[in-house]
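Colleague: Dropping in start25.csv, with CSV, C-alpha atoms.
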chain,number,residue,atom,x,y,z
A,299,MET,CA,18.0,-17.8,-78.2
A,300,LYS,CA,15.2,-18.5,-75.7
A,301,PRO,CA,15.5,-21.3,-73.2
A,302,SER,CA,14.3,-24.6,-74.8
A,303,PHE,CA,12.6,-26.2,-71.8
A,304,PHE,CA,11.2,-23.3,-69.7
A,305,VAL,CA,10.6,-19.6,-69.6
A,306,LEU,CA,11.2,-17.3,-66.8
A,307,VAL,CA,8.3,-15.3,-65.5
A,308,LEU,CA,8.2,-12.6,-62.8
A,309,MET,CA,5.3,-12.9,-60.5
A,310,LEU,CA,4.9,-10.7,-57.5
A,311,GLY,CA,8.6,-9.9,-57.6
A,312,THR,CA,9.7,-13.5,-57.8
A,313,VAL,CA,11.2,-15.4,-60.7
A,314,VAL,CA,9.5,-18.7,-61.3
A,315,LYS,CA,9.7,-21.3,-64.0
A,316,VAL,CA,6.7,-22.4,-66.1
A,317,GLN,CA,6.3,-24.6,-69.1
A,318,PRO,CA,6.0,-22.8,-72.4
A,319,VAL,CA,3.0,-23.4,-74.7
A,320,GLN,CA,4.7,-24.8,-77.8
A,321,GLY,CA,3.4,-23.4,-81.1
A,322,ALA,CA,0.7,-21.3,-79.6
A,323,SER,CA,0.4,-17.7,-80.7
A,324,MET,CA,0.4,-15.0,-78.0
A,325,LEU,CA,-1.6,-12.7,-80.2
A,326,TYR,CA,-5.3,-12.1,-80.9
A,327,PRO,CA,-6.1,-12.5,-84.6
A,328,TYR,CA,-5.0,-9.5,-86.7
A,329,GLY,CA,-4.4,-8.5,-90.3
A,330,LEU,CA,-6.3,-7.3,-93.3
A,331,ASP,CA,-8.3,-10.5,-93.4
A,332,GLN,CA,-9.6,-9.6,-89.9
A,333,GLY,CA,-10.8,-6.2,-91.2
A,334,ASP,CA,-7.8,-4.3,-89.8
A,335,HIS,CA,-6.7,-0.9,-91.0
A,336,LYS,CA,-3.0,-0.5,-91.8
A,337,ASN,CA,-0.8,2.5,-90.9
A,338,PRO,CA,1.1,4.3,-93.6
A,339,LYS,CA,4.8,3.3,-94.3
A,340,LEU,CA,6.3,6.4,-92.6
A,341,ASP,CA,9.1,6.8,-90.1
A,342,ASP,CA,7.6,8.2,-86.8
A,343,GLY,CA,4.2,8.0,-88.5
A,344,THR,CA,0.8,7.6,-86.9
A,345,SER,CA,-2.7,6.7,-87.8
A,346,GLU,CA,-5.3,9.3,-88.5
A,347,GLU,CA,-7.4,10.3,-85.5
A,348,ILE,CA,-9.6,7.3,-84.6
A,349,SER,CA,-13.1,8.1,-83.3
A,350,LEU,CA,-14.3,5.3,-81.1
A,351,THR,CA,-17.9,4.1,-81.1
A,352,VAL,CA,-17.9,3.8,-77.3
A,353,PRO,CA,-15.8,5.7,-74.8
A,354,PHE,CA,-12.9,4.0,-73.2
A,355,THR,CA,-12.2,4.9,-69.6
A,356,PHE,CA,-8.6,5.3,-68.7
A,357,TYR,CA,-7.6,6.4,-65.2
A,358,SER,CA,-11.2,7.5,-64.4
A,359,LYS,CA,-11.4,9.7,-67.6
A,360,GLU,CA,-13.4,8.8,-70.7
A,361,TYR,CA,-11.7,9.1,-74.1
A,362,GLN,CA,-13.5,8.8,-77.4
A,363,ASN,CA,-10.5,9.5,-79.7
A,364,LEU,CA,-7.1,7.8,-80.0
A,365,TYR,CA,-4.1,7.3,-82.3
A,366,VAL,CA,-2.1,4.3,-83.1
A,367,ASN,CA,1.5,5.6,-83.4
A,368,ASN,CA,4.1,3.6,-85.3
A,369,ASN,CA,6.6,4.0,-82.5
A,370,GLY,CA,4.8,1.5,-80.3
A,371,VAL,CA,2.3,3.8,-78.5
A,372,ILE,CA,-1.5,4.1,-78.3
A,373,SER,CA,-2.2,7.7,-77.3
A,374,PHE,CA,-5.5,9.5,-76.4
A,375,ASP,CA,-6.4,12.8,-78.0
A,376,SER,CA,-2.9,13.6,-79.4
A,377,GLN,CA,-0.3,12.0,-81.6
A,378,VAL,CA,3.1,10.7,-80.4
A,379,ARG,CA,5.9,11.0,-82.9
A,380,GLU,CA,8.9,11.0,-80.4
A,381,TYR,CA,11.1,8.0,-81.1
A,382,THR,CA,13.3,8.0,-77.9
A,383,PRO,CA,11.2,6.9,-74.9
A,384,ASP,CA,10.9,9.0,-71.7
A,385,PRO,CA,10.3,7.5,-68.3
A,386,PHE,CA,6.9,7.9,-66.7
A,387,PRO,CA,5.3,10.1,-65.4
A,388,LEU,CA,5.7,12.3,-68.5
A,389,ALA,CA,6.3,16.0,-67.9
A,390,ASP,CA,3.9,17.0,-70.6
A,391,GLY,CA,1.0,15.0,-69.1
A,392,ARG,CA,0.0,13.1,-72.3
A,393,PRO,CA,-2.2,10.0,-71.5
A,394,PHE,CA,-1.1,6.9,-73.3
A,395,VAL,CA,-0.4,3.2,-73.1
A,396,THR,CA,2.8,1.9,-74.7
A,397,PRO,CA,3.4,-1.8,-75.3
A,398,PHE,CA,6.8,-1.0,-76.7
A,399,TRP,CA,7.8,2.6,-77.2
A,400,ALA,CA,10.9,2.7,-79.4
A,401,ASP,CA,12.1,4.0,-82.8
A,402,VAL,CA,10.0,1.8,-85.2
A,403,ASN,CA,10.6,2.3,-88.9
A,404,ASN,CA,8.0,0.4,-90.8
A,405,VAL,CA,9.5,1.8,-94.1
A,406,GLU,CA,12.4,-0.7,-93.4
A,407,GLY,CA,10.1,-3.6,-92.6
A,408,GLY,CA,6.8,-4.7,-90.9
A,409,ASP,CA,3.3,-3.3,-90.6
A,410,VAL,CA,1.1,-1.7,-88.0
A,411,PHE,CA,-2.5,-2.9,-87.9
A,412,TYR,CA,-5.5,-1.8,-85.9
A,413,ARG,CA,-9.3,-2.3,-85.6
A,414,GLU,CA,-12.2,-1.5,-83.4
A,415,THR,CA,-14.4,-4.6,-83.0
A,416,THR,CA,-17.5,-6.2,-81.5
A,417,ASP,CA,-16.8,-9.5,-83.1
A,418,PRO,CA,-18.4,-12.1,-80.7
A,419,THR,CA,-15.7,-14.7,-81.2
A,420,LEU,CA,-13.0,-12.3,-80.2
A,421,LEU,CA,-15.0,-10.8,-77.3
A,422,ALA,CA,-15.7,-14.3,-76.0
A,423,LEU,CA,-12.0,-15.1,-75.9
A,424,ILE,CA,-11.1,-11.7,-74.3
A,425,THR,CA,-13.9,-12.3,-71.7
A,426,LYS,CA,-12.5,-15.8,-71.0
A,427,ASN,CA,-9.0,-14.3,-70.5
A,428,ILE,CA,-10.1,-11.5,-68.2
A,429,ASN,CA,-12.2,-13.9,-66.1
A,430,GLN,CA,-9.2,-16.2,-65.7
A,431,TYR,CA,-6.8,-13.4,-64.7
A,432,PHE,CA,-9.3,-11.4,-62.5
A,433,PRO,CA,-11.7,-14.0,-61.1
A,434,ASP,CA,-13.1,-11.7,-58.5
A,435,ILE,CA,-14.2,-9.1,-61.0
A,436,PRO,CA,-17.4,-9.9,-63.0
A,437,TYR,CA,-16.6,-9.0,-66.6
A,438,THR,CA,-18.1,-9.6,-70.0
A,439,ALA,CA,-16.4,-7.7,-72.9
A,440,THR,CA,-18.7,-5.8,-75.2
A,441,TRP,CA,-16.1,-3.9,-77.2
A,442,ALA,CA,-12.4,-4.2,-78.1
A,443,PHE,CA,-9.7,-2.2,-79.9
A,444,VAL,CA,-6.7,-4.3,-81.2
A,445,ALA,CA,-3.5,-2.8,-82.4
A,446,THR,CA,-0.7,-5.0,-83.7
A,447,TRP,CA,2.9,-4.2,-84.7
A,448,ASP,CA,3.9,-7.1,-87.0
A,449,HIS,CA,7.6,-7.8,-87.5
A,450,VAL,CA,8.4,-4.0,-87.4
A,451,ALA,CA,12.0,-2.9,-88.0
A,452,TYR,CA,14.0,-0.2,-86.2
A,453,TYR,CA,15.3,3.1,-87.5
A,454,GLY,CA,18.8,2.7,-89.1
A,455,THR,CA,18.6,-1.1,-89.3
A,456,VAL,CA,21.0,-3.0,-91.4
A,457,SER,CA,19.5,-6.3,-90.2
A,458,ASN,CA,16.3,-8.2,-90.8
A,459,LYS,CA,15.3,-8.1,-87.2
A,460,GLY,CA,11.6,-7.4,-86.4
A,461,ASN,CA,9.4,-7.1,-83.3
A,462,THR,CA,5.9,-8.4,-83.1
A,463,PHE,CA,3.7,-7.2,-80.3
A,464,GLN,CA,0.1,-6.2,-79.6
A,465,ALA,CA,-2.2,-4.1,-77.4
A,466,ALA,CA,-5.8,-4.9,-76.9
A,467,LEU,CA,-8.2,-2.4,-75.2
A,468,THR,CA,-11.5,-3.8,-73.9
A,469,THR,CA,-14.5,-2.5,-72.0
A,470,ASN,CA,-18.0,-3.3,-70.9
A,471,THR,CA,-18.6,0.4,-70.5
A,472,LYS,CA,-18.0,0.2,-66.8
A,473,ARG,CA,-14.7,-1.6,-66.4
A,474,SER,CA,-11.7,-1.3,-68.8
A,475,PHE,CA,-8.7,-3.5,-69.3
A,476,ILE,CA,-5.6,-3.4,-71.5
A,477,ILE,CA,-3.9,-6.6,-72.6
A,478,LEU,CA,-0.3,-6.4,-73.9
A,479,ASN,CA,0.9,-9.4,-75.9
A,480,TYR,CA,4.6,-9.9,-76.8
A,481,GLN,CA,5.1,-12.6,-79.5
A,482,ASP,CA,8.7,-11.8,-80.7
A,483,ILE,CA,11.1,-9.1,-79.5
A,484,GLN,CA,14.4,-9.1,-81.4
A,485,TRP,CA,15.5,-5.4,-80.9
A,486,THR,CA,15.2,-2.7,-78.3
A,487,THR,CA,16.7,0.5,-79.8
A,488,GLY,CA,16.8,2.5,-83.0
A,489,GLU,CA,20.1,4.1,-84.2
A,490,ALA,CA,18.9,7.6,-83.5
A,491,SER,CA,18.4,6.6,-79.8
A,492,GLY,CA,21.9,5.3,-79.6
A,493,GLY,CA,21.3,1.8,-80.8
A,494,ASP,CA,23.7,-0.4,-82.8
A,495,PRO,CA,22.4,-0.5,-86.4
A,496,GLU,CA,23.5,-4.1,-86.7
A,497,THR,CA,22.0,-5.5,-83.5
A,498,GLY,CA,19.2,-2.9,-82.6
A,499,LEU,CA,20.6,-3.0,-79.0
A,500,GLY,CA,22.2,-0.5,-76.6
A,501,GLY,CA,21.5,3.2,-76.3
A,502,THR,CA,18.2,4.1,-74.7
A,503,PRO,CA,16.1,0.9,-74.9
A,504,ALA,CA,12.3,0.7,-75.3
A,505,HIS,CA,9.8,1.6,-72.7
A,506,ALA,CA,6.6,-0.3,-71.8
A,507,GLY,CA,3.8,0.8,-69.4
A,508,PHE,CA,1.1,3.5,-68.9
A,509,ASN,CA,0.9,7.2,-68.2
A,510,SER,CA,-2.3,8.6,-66.9
A,511,GLY,CA,-1.6,12.2,-67.7
A,512,ASP,CA,-2.1,13.4,-64.1
A,513,ASP,CA,1.6,13.3,-63.1
A,514,LYS,CA,0.9,10.8,-60.3
A,515,ASN,CA,-0.7,7.7,-61.8
A,516,PHE,CA,1.6,5.6,-64.0
A,517,TYR,CA,3.3,2.2,-64.3
A,518,ASN,CA,6.6,1.2,-65.8
A,519,ILE,CA,6.9,-2.5,-66.7
A,520,PRO,CA,10.0,-3.8,-65.1
A,521,GLY,CA,13.0,-3.7,-67.4
A,522,SER,CA,11.8,-0.6,-69.3
A,523,GLN,CA,14.6,1.5,-70.7
A,524,THR,CA,17.1,-1.2,-69.8
A,525,ASP,CA,18.7,-4.0,-71.9
A,526,ALA,CA,16.4,-6.4,-70.0
A,527,ILE,CA,13.3,-5.2,-71.9
A,528,ILE,CA,14.3,-7.6,-74.8
A,529,ASN,CA,13.1,-10.4,-72.5
A,530,ILE,CA,9.6,-9.1,-72.1
A,531,THR,CA,8.3,-12.1,-74.0
A,532,GLN,CA,9.3,-14.2,-71.0
A,533,THR,CA,7.7,-12.0,-68.2
A,534,SER,CA,4.2,-11.5,-67.1
A,535,ASN,CA,1.9,-10.3,-64.3
A,536,VAL,CA,-0.7,-13.0,-65.1
A,537,ASN,CA,1.5,-16.1,-65.2
A,538,VAL,CA,1.4,-16.2,-69.0
A,539,PRO,CA,4.8,-15.5,-70.5
A,540,GLY,CA,4.7,-12.6,-72.9
A,541,ARG,CA,1.3,-11.2,-71.6
A,542,TRP,CA,0.7,-8.3,-69.3
A,543,VAL,CA,-2.9,-7.4,-68.3
A,544,PHE,CA,-4.1,-4.4,-66.4
A,545,GLN,CA,-7.4,-3.0,-65.2
A,546,VAL,CA,-7.2,0.7,-66.2
A,547,ASP,CA,-10.6,2.3,-65.5
A,548,GLU,CA,-9.3,2.9,-62.0
A,549,PHE,CA,-5.7,1.6,-62.3
A,550,LYS,CA,-4.8,-0.8,-59.6
A,551,VAL,CA,-1.3,-2.2,-59.3
A,552,THR,CA,-2.3,-5.8,-58.4
A,553,GLY,CA,-0.1,-8.8,-58.9
A,554,VAL,CA,2.6,-6.9,-60.8
A,555,PRO,CA,6.3,-7.6,-60.4
A,556,THR,CA,8.6,-5.0,-58.9
A,557,GLU,CA,11.9,-6.5,-60.1
A,558,ALA,CA,13.4,-6.2,-63.6
A,559,PRO,CA,13.6,-9.3,-65.8
A,560,GLU,CA,16.9,-11.0,-66.0
A,561,VAL,CA,19.3,-10.5,-68.9
A,562,ALA,CA,20.8,-13.3,-71.0
A,563,ASN,CA,24.6,-13.1,-71.6
A,564,SER,CA,26.4,-13.9,-74.8
A,565,ASN,CA,26.3,-17.6,-73.9
A,566,ASN,CA,22.6,-17.5,-73.4
A,567,CYS,CA,23.0,-18.1,-69.7
A,568,TRP,CA,20.7,-16.3,-67.3
A,569,LEU,CA,22.2,-13.8,-65.0
Represent the structure from my file as structure tokens, please.
Modeller:
Amino acid sequence: MKPSFFVLVLMLGTVVKVQPVQGASMLYPYGLDQGDHKNPKLDDGTSEEISLTVPFTFYSKEYQNLYVNNNGVISFDSQVREYTPDPFPLADGRPFVTPFWADVNNVEGGDVFYRETTDPTLLALITKNINQYFPDIPYTATWAFVATWDHVAYYGTVSNKGNTFQAALTTNTKRSFIILNYQDIQWTTGEASGGDPETGLGGTPAHAGFNSGDDKNFYNIPGSQTDAIINITQTSNVNVPGRWVFQVDEFKVTGVPTEAPEVANSNNCWL
């Protein structure tokens, strides 16, 4: 259970308390009614290659093709079917962003949606958010790509647990940002990664962060590949619990925590 009166957020390596926003969705609009595409129901599946209408600059390199992988990864130029996460930097040099790299099995439950968009209402909201989080950087979004994992199950599940999270890529052709939104995280590990089929916990937990592909530029969100990653809905680098935002055209580690989130014990007390 989450704390009822406050959430814990890591800012600049310090745990602080902030009031939660009751009833507010952390996610940008998604689903078939938003014009989204939906990935096939396939364990370790991916989308088809997606050709972008504008290039997205990631770590100073432009990409025009990407994949939305069921296992919680958006990858550039190549698919990612691996279900047990590896720490960054990756030895094989693949560039990708992972909001929650773990063994998703949407055959057992949930859906993976994505869309490329220039919808003015969404772009206005993204622009407002970026301007709030990065007030010293002039920015008006002209394009976005939104991928959402909606109540997705884990491999080997015998429960009804599901995770809901989202990654939004946005650019104005000069600057690029990625927004990671975590609405509900109930499991961390699939059975093939050592997780308990009843709880979805244990083994090698999920990983969140970025890998540039150059073997030197990367970022691991605190708590990655530890039990604490289940509390990512309560951590942030922009003082909004459950949201992480990064400038990625030339990645700058600004305002990001260096400590792992705390872990709740069986009595829901914070350690």
Colleague: Show me the residues around (9.7, 8.7, -69.2) - criterion: an atom at most 10 Å away, only C-alpha atoms counted - as JSON, numbers by chain.
Modeller: {"A": [382, 383, 384, 385, 386, 387, 388, 389, 505, 506, 507, 509, 518, 522, 523]}
Colleague: Any idea what's packed within 6 Å of range 497-499 of chain A, counting all atoms listed in the file, ignoring anything in its chain fewer than 2 positions away? Could you give it as a PDB file with C-alpha atoms, in the frame of the given file?
Modeller:
ATOM      1  CA  TRP A 485      15.500  -5.400 -80.900  1.00  0.00           C
ATOM      2  CA  THR A 486      15.200  -2.700 -78.300  1.00  0.00           C
ATOM      3  CA  THR A 487      16.700   0.500 -79.800  1.00  0.00           C
ATOM      4  CA  GLY A 488      16.800   2.500 -83.000  1.00  0.00           C
ATOM      5  CA  GLY A 493      21.300   1.800 -80.800  1.00  0.00           C
ATOM      6  CA  ASP A 494      23.700  -0.400 -82.800  1.00  0.00           C
ATOM      7  CA  PRO A 495      22.400  -0.500 -86.400  1.00  0.00           C
TER       8      PRO A 495
END
Colleague: Find the residues near Leu350 in chain A: any atom within 9 Å, counting all atoms listed in the file, skip ones fewer than 5 places away on the same chain, and give them as a PyMOL selection string.
Modeller: chain A and resi 361-364+414+443
Colleague: Can you spit out the residues from that selection as a compact mmCIF listing (two decimals), in the coordinates of the input, using C-alpha atoms?
Modeller:
# COMPACT_ATOMS: atom_id res chain seq x y z
CA TYR A 361 -11.70 9.10 -74.10
CA GLN A 362 -13.50 8.80 -77.40
CA ASN A 363 -10.50 9.50 -79.70
CA LEU A 364 -7.10 7.80 -80.00
CA GLU A 414 -12.20 -1.50 -83.40
CA PHE A 443 -9.70 -2.20 -79.90
Colleague: Got a sec to check which residues sit within 8 Å of (12.9, 5.2, -84.5), counting all atoms listed in the file, and write them as number ranges by chain?
Modeller: A: 341-342, 369, 381-382, 400-403, 452-454, 487-491
Colleague: Let me make sure I understand: among A:Ala465, A:Ile528, A:Ile519, A:Ile483, which one has the smallest atom-to-atom distance to Ala442 in chain A if we use all atoms listed in the file?
Modeller: A:Ala465
Colleague: Near Ile527 in chain A, counting all atoms listed in the file, which residues have an atom at most 8 Å away, once you skip same-chain residues fewer than 6 positions from it, shown as a list in words?
Modeller: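 Residues meeting the cut-off are Thr486, Pro503, Ala504, His505, Pro520, Gly521 and Pro559 of chain A.
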Colleague: Generate the output file for the selected residues, C-alpha atoms, as a PDB file, in the coordinates of the input.
Modeller:
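Printed below is result.pdb as written:
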ATOM      1  CA  THR A 486      15.200  -2.700 -78.300  1.00  0.00           C
ATOM      2  CA  PRO A 503      16.100   0.900 -74.900  1.00  0.00           C
ATOM      3  CA  ALA A 504      12.300   0.700 -75.300  1.00  0.00           C
ATOM      4  CA  HIS A 505       9.800   1.600 -72.700  1.00  0.00           C
ATOM      5  CA  PRO A 520      10.000  -3.800 -65.100  1.00  0.00           C
ATOM      6  CA  GLY A 521      13.000  -3.700 -67.400  1.00  0.00           C
ATOM      7  CA  PRO A 559      13.600  -9.300 -65.800  1.00  0.00           C
TER       8      PRO A 559
END
Colleague: Please list as an MDAnalysis selection string every residue within 10 Å of Gly329 in chain A, counting all atoms listed in the file and excluding residues in the same chain fewer than 4 positions away.
Modeller: chainID A and resid 333:336 409:413 445:446 448
Colleague: Write out as an mmCIF file with C-alpha atoms, in the coordinates of the input each polymer residue whose atoms come within 6 Å of range 474-482 of chain A, counting all atoms listed in the file; drop sequence neighbours fewer than 4 positions from it.
Modeller:
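See around.cif below for the written result:
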data_model
loop_
_atom_site.group_PDB
_atom_site.id
_atom_site.type_symbol
_atom_site.label_atom_id
_atom_site.label_comp_id
_atom_site.auth_asym_id
_atom_site.auth_seq_id
_atom_site.Cartn_x
_atom_site.Cartn_y
_atom_site.Cartn_z
ATOM 1 C CA MET A 324 0.400 -15.000 -78.000
ATOM 2 C CA LEU A 325 -1.600 -12.700 -80.200
ATOM 3 C CA ASN A 461 9.400 -7.100 -83.300
ATOM 4 C CA THR A 462 5.900 -8.400 -83.100
ATOM 5 C CA PHE A 463 3.700 -7.200 -80.300
ATOM 6 C CA GLN A 464 0.100 -6.200 -79.600
ATOM 7 C CA ALA A 465 -2.200 -4.100 -77.400
ATOM 8 C CA ALA A 466 -5.800 -4.900 -76.900
ATOM 9 C CA LEU A 467 -8.200 -2.400 -75.200
ATOM 10 C CA THR A 468 -11.500 -3.800 -73.900
ATOM 11 C CA THR A 469 -14.500 -2.500 -72.000
ATOM 12 C CA THR A 531 8.300 -12.100 -74.000
ATOM 13 C CA GLY A 540 4.700 -12.600 -72.900
ATOM 14 C CA ARG A 541 1.300 -11.200 -71.600
ATOM 15 C CA TRP A 542 0.700 -8.300 -69.300
ATOM 16 C CA VAL A 543 -2.900 -7.400 -68.300
ATOM 17 C CA PHE A 544 -4.100 -4.400 -66.400
ATOM 18 C CA GLN A 545 -7.400 -3.000 -65.200
ATOM 19 C CA VAL A 546 -7.200 0.700 -66.200
ATOM 20 C CA ASP A 547 -10.600 2.300 -65.500
#
Colleague: What's the separation between CA of Ile424 in chain A and CA of Gly343 in chain A, in Å to one decimal place?
Modeller: 28.7 Å
Colleague: Could you please determine the separation between CA of Phe398 in chain A and CA of Ala422 in chain A in Å, to one decimal place?
Modeller: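 Calculated distance between CA of Phe398 in chain A and CA of Ala422 in chain A is 26.1 Å.
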Colleague: Between CA of Thr455 in chain A and CA of Gln484 in chain A, measure the distance and give it in Å to one decimal.
Modeller: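 Calculated distance between CA of Thr455 in chain A and CA of Gln484 in chain A is 12.0 Å.
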Colleague: From the set A:Asp331, A:Asp375, A:Leu340, A:Tyr517, which residue has the shortest atom-to-atom contact distance to Phe354 in chain A, counting only C-alpha atoms?
Modeller: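 The answer is A:Asp375, which sits nearest to Phe354 in chain A.
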Colleague: Rank nothing, just name the residue among A:Asn515, A:Val352, A:Val405, A:Leu421 nearest to Tyr437 in chain A, using all atoms listed in the file.
Modeller: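 Nearest candidate to Tyr437 in chain A out of A:Asn515, A:Val352, A:Val405, A:Leu421: A:Leu421.
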Colleague: Between A:Asp417, A:Glu406, A:Glu347, A:Asp390, which one has atoms that come closest to Pro327 in chain A, using only C-alpha atoms?
Modeller: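 Counting only C-alpha atoms, the residue closest to Pro327 in chain A is A:Asp417.
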